[in-house]
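A short worksheet on the structure shown next.
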Amino acid sequence: MADSADKGGRAGRERTTCCVVGGGPAGMMLGLLLARAGVEVTVLEKHGDFLRDFRGDTVHPSTLRLLDELGLGERFARLPAQRLTELRMHIEGTTFVAADLSRVPGRHKYIAMVPQWDFLDLLATAAAEEPSFTLRMRTAVTGLRTDASGRVTGVTYTDENGTPGELAADLTVACDGRDSVVRAAAGLVPRPFEVPMDVWQVRVPAPDDRRKRGRVFLSVRDGQVAATMDRGDYYQTSYLIAKGADARLRAHGVEWFRERLGDLLDWDREALRAIESWDDVKLLDVTMGRLPRWYRDGLLCIGDAAHTMSPVGGVGVNLAVQDACAAARHL
Ligand SMILES: Cc1cc2nc3c(=O)[nH]c(=O)nc-3n(C[C@H](O)[C@H](O)[C@H](O)COP(=O)(O)OP(=O)(O)OC[C@H]3O[C@@H](n4cnc5c(N)ncnc54)[C@H](O)[C@@H]3O)c2cc1C
């Protein structure tokens, strides 16, 4: 990892006030808020687009309210979304309502399920309306610049052509997610928490007569756990497996998984044939960890870069957004 001394003189070096590394929920929200406050901000994102599947699509009432406050509520409402209003649990034959979002204070009494790329596109479009905002896609940060005192003074990166460059900044904010390159370059080490599970995620088209519209449904039976979320024409289905058991369990045929899921969710085997092979089953390697200290001189870490969340409750996106709000206010 590069950690270049700030000796100056490099041709073509650029400068910004705040360099945000990573255009996920934390980075795009921070970029938008700082730009609206008139701060010159440059977001560097290594991918060419925001497309990701099975990545934190749960936009909670707190984030929906924030979007209203930012004047983005109407634009958000035009995105393709499902509204989850209730969490039901089915545990060993007994069904009950575990969470009823109609009791949440405020205007939005639901969790909006919105593809994360649509949400990020919306933030990027709103931020691009601010003259002090720059978003550079296909730009991968490779390390940090530091001065003689060790203060972070910006980043090193490679652009879309693989050409290395440097961006000097008064402040660098690491929003580059759970495997943060910036965090590692800064020598900040998260404290890990033990996690007993990983998660398999699949899409299953649910037969119409079994639709549980607007619901998250958690089923627990015989030591197995699965959750389904209504996504309109399919269910986003999460099935818990023991930590590290992915390869061992995939040694079974995929029909073994279809059977288990069918038994657990009491689903029609025909619908489950949509899971054609293990390629349709994505592994979420669940990790949890938190930095004991989120900053170094000239550098701040927020979002997953500071605290990788368990997927339980779908809070990751919303905490990343809240970090951005808190950071923007202080900055
Ligand atoms: C498979 C999966 C499923 C999840 N499901 C949910 C869910 O249902 N609900 C929920 O709330 N949360 C979920 N999460 C967690 C959620 O996605 C994160 O908590 C949230 O996205 C954190 O936002 P962030 O902006 O901090 O980081 P990220 O969303 O991880 O964004 C980091 C960004 O930085 C970019 N980046 C990384 N390295 C570099 C670099 N070197 N240079 C430039 N850019 C870089 C990445 O491309 C990415 O765009 C899930 C996570 C995973 C992995």
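Labels used: A, B, ... for chains in the order of the structure tokens, numbers from 1 for residues in each chain, and numbers from 1 for ligands as shown.
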Could you list, as a count of residues only, all the residues within 6 Å of ligand 1, counting only C-alpha atoms and all ligand atoms?
38
Residues within 8 Å of Ala306 (chain A), only C-alpha atoms, excluding chain neighbours under 6 positions, as a ChimeraX atom specification
/A:178,190,290-291,294
Can you write just those residues out, N, CA and C atoms, as a PDB file, in the first residue's frame?
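Resulting contents of again-v9.pdb:
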ATOM      1  N   ARG A 178     -16.335  -2.140   3.752  1.00  0.00           N
ATOM      2  CA  ARG A 178     -15.859  -3.123   4.729  1.00  0.00           C
ATOM      3  C   ARG A 178     -14.384  -3.503   4.539  1.00  0.00           C
ATOM      4  N   PRO A 190      -9.647  -2.535  12.662  1.00  0.00           N
ATOM      5  CA  PRO A 190     -10.917  -2.736  13.349  1.00  0.00           C
ATOM      6  C   PRO A 190     -10.852  -3.878  14.350  1.00  0.00           C
ATOM      7  N   ARG A 290     -15.485  -3.045  14.410  1.00  0.00           N
ATOM      8  CA  ARG A 290     -15.588  -1.600  14.629  1.00  0.00           C
ATOM      9  C   ARG A 290     -14.218  -1.049  14.962  1.00  0.00           C
ATOM     10  N   LEU A 291     -13.898   0.094  14.367  1.00  0.00           N
ATOM     11  CA  LEU A 291     -12.639   0.748  14.705  1.00  0.00           C
ATOM     12  C   LEU A 291     -12.726   1.319  16.112  1.00  0.00           C
ATOM     13  N   TRP A 294     -11.811   6.288  14.979  1.00  0.00           N
ATOM     14  CA  TRP A 294     -12.257   6.434  13.598  1.00  0.00           C
ATOM     15  C   TRP A 294     -11.437   7.452  12.815  1.00  0.00           C
TER      16      TRP A 294
END
All residues 12 Å or closer to Leu249 (chain A), only C-alpha atoms, same chain fewer than 2 positions away omitted, as number ranges by chain:
A: 198, 200, 240-247, 251-257, 260, 278, 281, 283
Hey, what's within 12 Å of Phe96 (chain A) if we count only C-alpha atoms and toss same-chain stuff fewer than 6 positions away? As a PyMOL selection string, please?
chain A and resi 86-90+216-219
Could you please take those selected residues and save all heavy atoms as a PDB file, in the first residue's frame?
ATOM      1  N   GLU A  86     -44.406  -4.511   7.795  1.00  0.00           N
ATOM      2  CA  GLU A  86     -44.577  -5.442   8.900  1.00  0.00           C
ATOM      3  C   GLU A  86     -43.516  -6.538   8.851  1.00  0.00           C
ATOM      4  O   GLU A  86     -43.136  -6.984   7.773  1.00  0.00           O
ATOM      5  CB  GLU A  86     -45.957  -6.084   8.717  1.00  0.00           C
ATOM      6  CG  GLU A  86     -46.468  -6.806   9.912  1.00  0.00           C
ATOM      7  CD  GLU A  86     -47.850  -7.376   9.624  1.00  0.00           C
ATOM      8  OE1 GLU A  86     -47.932  -8.465   9.020  1.00  0.00           O
ATOM      9  OE2 GLU A  86     -48.823  -6.720  10.001  1.00  0.00           O
ATOM     10  N   LEU A  87     -43.035  -6.924  10.019  1.00  0.00           N
ATOM     11  CA  LEU A  87     -42.157  -8.096  10.115  1.00  0.00           C
ATOM     12  C   LEU A  87     -42.908  -9.180  10.859  1.00  0.00           C
ATOM     13  O   LEU A  87     -43.307  -8.989  12.002  1.00  0.00           O
ATOM     14  CB  LEU A  87     -40.865  -7.752  10.861  1.00  0.00           C
ATOM     15  CG  LEU A  87     -40.031  -8.943  11.336  1.00  0.00           C
ATOM     16  CD1 LEU A  87     -39.519  -9.782  10.166  1.00  0.00           C
ATOM     17  CD2 LEU A  87     -38.857  -8.483  12.180  1.00  0.00           C
ATOM     18  N   ARG A  88     -43.122 -10.282  10.164  1.00  0.00           N
ATOM     19  CA  ARG A  88     -43.775 -11.428  10.813  1.00  0.00           C
ATOM     20  C   ARG A  88     -42.764 -12.522  11.051  1.00  0.00           C
ATOM     21  O   ARG A  88     -41.873 -12.736  10.241  1.00  0.00           O
ATOM     22  CB  ARG A  88     -44.890 -11.979   9.940  1.00  0.00           C
ATOM     23  CG  ARG A  88     -46.057 -11.071   9.912  1.00  0.00           C
ATOM     24  CD  ARG A  88     -47.312 -11.787   9.537  1.00  0.00           C
ATOM     25  NE  ARG A  88     -48.396 -10.843   9.741  1.00  0.00           N
ATOM     26  CZ  ARG A  88     -49.644 -11.192   9.980  1.00  0.00           C
ATOM     27  NH1 ARG A  88     -49.980 -12.452  10.027  1.00  0.00           N
ATOM     28  NH2 ARG A  88     -50.562 -10.279  10.153  1.00  0.00           N
ATOM     29  N   MET A  89     -42.952 -13.239  12.147  1.00  0.00           N
ATOM     30  CA  MET A  89     -42.078 -14.376  12.426  1.00  0.00           C
ATOM     31  C   MET A  89     -42.919 -15.635  12.536  1.00  0.00           C
ATOM     32  O   MET A  89     -44.038 -15.605  13.045  1.00  0.00           O
ATOM     33  CB  MET A  89     -41.327 -14.147  13.739  1.00  0.00           C
ATOM     34  CG  MET A  89     -40.255 -13.115  13.642  1.00  0.00           C
ATOM     35  SD  MET A  89     -39.186 -13.247  15.069  1.00  0.00           S
ATOM     36  CE  MET A  89     -38.003 -11.974  14.717  1.00  0.00           C
ATOM     37  N   HIS A  90     -42.325 -16.697  12.037  1.00  0.00           N
ATOM     38  CA  HIS A  90     -42.985 -17.999  12.128  1.00  0.00           C
ATOM     39  C   HIS A  90     -41.977 -18.915  12.817  1.00  0.00           C
ATOM     40  O   HIS A  90     -40.986 -19.314  12.199  1.00  0.00           O
ATOM     41  CB  HIS A  90     -43.322 -18.489  10.713  1.00  0.00           C
ATOM     42  CG  HIS A  90     -44.095 -19.750  10.695  1.00  0.00           C
ATOM     43  ND1 HIS A  90     -45.438 -19.793  10.971  1.00  0.00           N
ATOM     44  CD2 HIS A  90     -43.719 -21.016  10.435  1.00  0.00           C
ATOM     45  CE1 HIS A  90     -45.850 -21.049  10.885  1.00  0.00           C
ATOM     46  NE2 HIS A  90     -44.825 -21.812  10.561  1.00  0.00           N
ATOM     47  N   VAL A 216     -41.758  -8.519   5.646  1.00  0.00           N
ATOM     48  CA  VAL A 216     -40.592  -9.359   5.857  1.00  0.00           C
ATOM     49  C   VAL A 216     -41.124 -10.548   6.639  1.00  0.00           C
ATOM     50  O   VAL A 216     -41.910 -10.385   7.571  1.00  0.00           O
ATOM     51  CB  VAL A 216     -39.523  -8.643   6.718  1.00  0.00           C
ATOM     52  CG1 VAL A 216     -38.291  -9.535   6.847  1.00  0.00           C
ATOM     53  CG2 VAL A 216     -39.154  -7.306   6.128  1.00  0.00           C
ATOM     54  N   PHE A 217     -40.705 -11.721   6.240  1.00  0.00           N
ATOM     55  CA  PHE A 217     -41.212 -12.910   6.916  1.00  0.00           C
ATOM     56  C   PHE A 217     -40.021 -13.751   7.355  1.00  0.00           C
ATOM     57  O   PHE A 217     -39.206 -14.148   6.527  1.00  0.00           O
ATOM     58  CB  PHE A 217     -42.104 -13.698   5.952  1.00  0.00           C
ATOM     59  CG  PHE A 217     -43.107 -14.539   6.653  1.00  0.00           C
ATOM     60  CD1 PHE A 217     -44.324 -13.998   7.040  1.00  0.00           C
ATOM     61  CD2 PHE A 217     -42.842 -15.859   6.946  1.00  0.00           C
ATOM     62  CE1 PHE A 217     -45.261 -14.757   7.710  1.00  0.00           C
ATOM     63  CE2 PHE A 217     -43.775 -16.642   7.613  1.00  0.00           C
ATOM     64  CZ  PHE A 217     -44.988 -16.087   7.994  1.00  0.00           C
ATOM     65  N   LEU A 218     -39.904 -13.948   8.654  1.00  0.00           N
ATOM     66  CA  LEU A 218     -38.778 -14.723   9.173  1.00  0.00           C
ATOM     67  C   LEU A 218     -39.284 -16.080   9.636  1.00  0.00           C
ATOM     68  O   LEU A 218     -40.218 -16.146  10.438  1.00  0.00           O
ATOM     69  CB  LEU A 218     -38.134 -13.980  10.349  1.00  0.00           C
ATOM     70  CG  LEU A 218     -36.859 -14.620  10.868  1.00  0.00           C
ATOM     71  CD1 LEU A 218     -35.674 -14.168  10.014  1.00  0.00           C
ATOM     72  CD2 LEU A 218     -36.610 -14.222  12.315  1.00  0.00           C
ATOM     73  N   SER A 219     -38.700 -17.148   9.103  1.00  0.00           N
ATOM     74  CA  SER A 219     -39.133 -18.494   9.483  1.00  0.00           C
ATOM     75  C   SER A 219     -38.015 -19.226  10.206  1.00  0.00           C
ATOM     76  O   SER A 219     -36.869 -19.234   9.732  1.00  0.00           O
ATOM     77  CB  SER A 219     -39.508 -19.304   8.241  1.00  0.00           C
ATOM     78  OG  SER A 219     -40.583 -18.699   7.588  1.00  0.00           O
TER      79      SER A 219
END
Based on DSSP run over this structure's backbone, return all residues of region 86-240 of chain A in strand (DSSP E or B), as number ranges by chain.
A: 86-91, 94-100, 111-113, 133-136, 140-146, 152-158, 164-174, 191-193, 197-204, 215-221, 224-230, 235-240
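Proximity ranking of A:Leu171, A:Val202, A:Ile302, A:Val220 relative to Asp279 (chain A) places A:Val202 first, based on only C-alpha atoms.
Nearest residue to Arg145 (chain A) among A:Gly262, A:Pro292, A:Pro131, A:Gly165 is A:Gly165, counting only C-alpha atoms.
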DSSP on the backbone: which residues in region 53-301 of chain A end up as helix (DSSP H, G or I)? Give the answer as a PyMOL selection string.
chain A and resi 61-69+73-77+101-103+116-128+181-185+208-210+246-250+254-265+269-272+278-280
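Summary of the local environment: counting only C-alpha atoms, residues at most 10 Å from Arg296 (chain A), other than itself and those fewer than 2 positions away along its chain, are Gly150, Arg151, Val152, Thr172, Arg183, Ala186, Gly187, Leu188, Arg293, Trp294, Gly298, Leu299, Leu300 and Cys301 of chain A.
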Create the file for the chosen residues now, containing N, CA, C and O atoms and written as a PDB file, in the first residue's frame.
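Saved the output as part17.pdb:
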ATOM      1  N   GLY A 150       3.248  13.134   9.494  1.00  0.00           N
ATOM      2  CA  GLY A 150       2.380  11.957   9.469  1.00  0.00           C
ATOM      3  C   GLY A 150       0.937  12.307   9.179  1.00  0.00           C
ATOM      4  O   GLY A 150       0.083  11.424   9.053  1.00  0.00           O
ATOM      5  N   ARG A 151       0.646  13.619   9.055  1.00  0.00           N
ATOM      6  CA  ARG A 151      -0.724  14.027   8.750  1.00  0.00           C
ATOM      7  C   ARG A 151      -1.109  13.564   7.346  1.00  0.00           C
ATOM      8  O   ARG A 151      -0.322  13.671   6.404  1.00  0.00           O
ATOM      9  N   VAL A 152      -2.319  13.068   7.196  1.00  0.00           N
ATOM     10  CA  VAL A 152      -2.799  12.638   5.886  1.00  0.00           C
ATOM     11  C   VAL A 152      -3.135  13.881   5.062  1.00  0.00           C
ATOM     12  O   VAL A 152      -3.865  14.776   5.523  1.00  0.00           O
ATOM     13  N   THR A 172      -9.355  13.882   4.158  1.00  0.00           N
ATOM     14  CA  THR A 172      -9.738  12.682   3.410  1.00  0.00           C
ATOM     15  C   THR A 172     -10.740  11.905   4.259  1.00  0.00           C
ATOM     16  O   THR A 172     -10.525  11.734   5.472  1.00  0.00           O
ATOM     17  N   ARG A 183      -8.429   2.738   5.200  1.00  0.00           N
ATOM     18  CA  ARG A 183      -8.289   2.369   6.611  1.00  0.00           C
ATOM     19  C   ARG A 183      -6.995   1.583   6.820  1.00  0.00           C
ATOM     20  O   ARG A 183      -6.229   1.865   7.756  1.00  0.00           O
ATOM     21  N   ALA A 186      -3.928   3.689   6.535  1.00  0.00           N
ATOM     22  CA  ALA A 186      -3.758   4.574   7.701  1.00  0.00           C
ATOM     23  C   ALA A 186      -3.316   3.804   8.933  1.00  0.00           C
ATOM     24  O   ALA A 186      -3.081   4.398   9.997  1.00  0.00           O
ATOM     25  N   GLY A 187      -3.257   2.476   8.822  1.00  0.00           N
ATOM     26  CA  GLY A 187      -2.838   1.662   9.966  1.00  0.00           C
ATOM     27  C   GLY A 187      -3.921   1.548  11.025  1.00  0.00           C
ATOM     28  O   GLY A 187      -3.638   1.213  12.181  1.00  0.00           O
ATOM     29  N   LEU A 188      -5.178   1.813  10.648  1.00  0.00           N
ATOM     30  CA  LEU A 188      -6.285   1.682  11.604  1.00  0.00           C
ATOM     31  C   LEU A 188      -6.839   0.256  11.503  1.00  0.00           C
ATOM     32  O   LEU A 188      -7.171  -0.205  10.405  1.00  0.00           O
ATOM     33  N   ARG A 293     -10.857   3.685  17.075  1.00  0.00           N
ATOM     34  CA  ARG A 293     -10.719   5.118  16.794  1.00  0.00           C
ATOM     35  C   ARG A 293     -10.930   5.334  15.309  1.00  0.00           C
ATOM     36  O   ARG A 293     -10.320   4.650  14.496  1.00  0.00           O
ATOM     37  N   TRP A 294     -11.811   6.288  14.979  1.00  0.00           N
ATOM     38  CA  TRP A 294     -12.257   6.434  13.598  1.00  0.00           C
ATOM     39  C   TRP A 294     -11.437   7.452  12.815  1.00  0.00           C
ATOM     40  O   TRP A 294     -11.797   7.778  11.685  1.00  0.00           O
ATOM     41  N   GLY A 298      -6.021  14.440   9.664  1.00  0.00           N
ATOM     42  CA  GLY A 298      -6.285  14.611   8.232  1.00  0.00           C
ATOM     43  C   GLY A 298      -7.187  13.549   7.631  1.00  0.00           C
ATOM     44  O   GLY A 298      -7.493  13.593   6.439  1.00  0.00           O
ATOM     45  N   LEU A 299      -7.607  12.579   8.432  1.00  0.00           N
ATOM     46  CA  LEU A 299      -8.395  11.449   7.915  1.00  0.00           C
ATOM     47  C   LEU A 299      -9.532  11.081   8.871  1.00  0.00           C
ATOM     48  O   LEU A 299      -9.348  11.055  10.088  1.00  0.00           O
ATOM     49  N   LEU A 300     -10.693  10.772   8.274  1.00  0.00           N
ATOM     50  CA  LEU A 300     -11.835  10.284   9.044  1.00  0.00           C
ATOM     51  C   LEU A 300     -12.385   9.053   8.329  1.00  0.00           C
ATOM     52  O   LEU A 300     -12.420   9.014   7.101  1.00  0.00           O
ATOM     53  N   CYS A 301     -12.790   8.042   9.090  1.00  0.00           N
ATOM     54  CA  CYS A 301     -13.446   6.863   8.503  1.00  0.00           C
ATOM     55  C   CYS A 301     -14.918   6.872   8.916  1.00  0.00           C
ATOM     56  O   CYS A 301     -15.222   7.099  10.098  1.00  0.00           O
TER      57      CYS A 301
END
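For Leu79 (chain A), the residues within 9 Å (counting only C-alpha atoms, excluding itself and residues fewer than 6 positions away along the chain) are Val114, Pro115, Asp118, Phe119 and Leu122 of chain A.
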Write the residues of the selection above to a file with N, CA and C atoms, as a PDB file, in the first residue's frame.
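part_24.pdb, written as the output of this step:
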ATOM      1  N   VAL A 114     -35.471  -0.298  -2.098  1.00  0.00           N
ATOM      2  CA  VAL A 114     -35.115   0.371  -3.359  1.00  0.00           C
ATOM      3  C   VAL A 114     -33.754  -0.148  -3.794  1.00  0.00           C
ATOM      4  N   PRO A 115     -33.608  -0.531  -5.069  1.00  0.00           N
ATOM      5  CA  PRO A 115     -32.279  -0.977  -5.511  1.00  0.00           C
ATOM      6  C   PRO A 115     -31.232   0.069  -5.141  1.00  0.00           C
ATOM      7  N   ASP A 118     -30.205   2.711  -7.654  1.00  0.00           N
ATOM      8  CA  ASP A 118     -31.129   3.819  -7.920  1.00  0.00           C
ATOM      9  C   ASP A 118     -30.976   4.904  -6.857  1.00  0.00           C
ATOM     10  N   PHE A 119     -30.830   4.458  -5.618  1.00  0.00           N
ATOM     11  CA  PHE A 119     -30.651   5.397  -4.507  1.00  0.00           C
ATOM     12  C   PHE A 119     -29.361   6.195  -4.701  1.00  0.00           C
ATOM     13  N   LEU A 122     -29.578   8.675  -7.505  1.00  0.00           N
ATOM     14  CA  LEU A 122     -30.347   9.865  -7.093  1.00  0.00           C
ATOM     15  C   LEU A 122     -29.444  10.844  -6.327  1.00  0.00           C
TER      16      LEU A 122
END
Would you kindly return, as a count of residues only, each protein, DNA or RNA residue with an atom no farther than 12 Å from any atom of Val104 (chain A), considering only C-alpha atoms and excluding same-chain residues fewer than 5 positions away?
10
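In this structure, CA of Lys282 (chain A) sits 8.2 Å away from CA of Val199 (chain A).
The gap separating CA of Thr63 (chain A) from CA of Ala326 (chain A) is 12.9 Å, in Å to one decimal.
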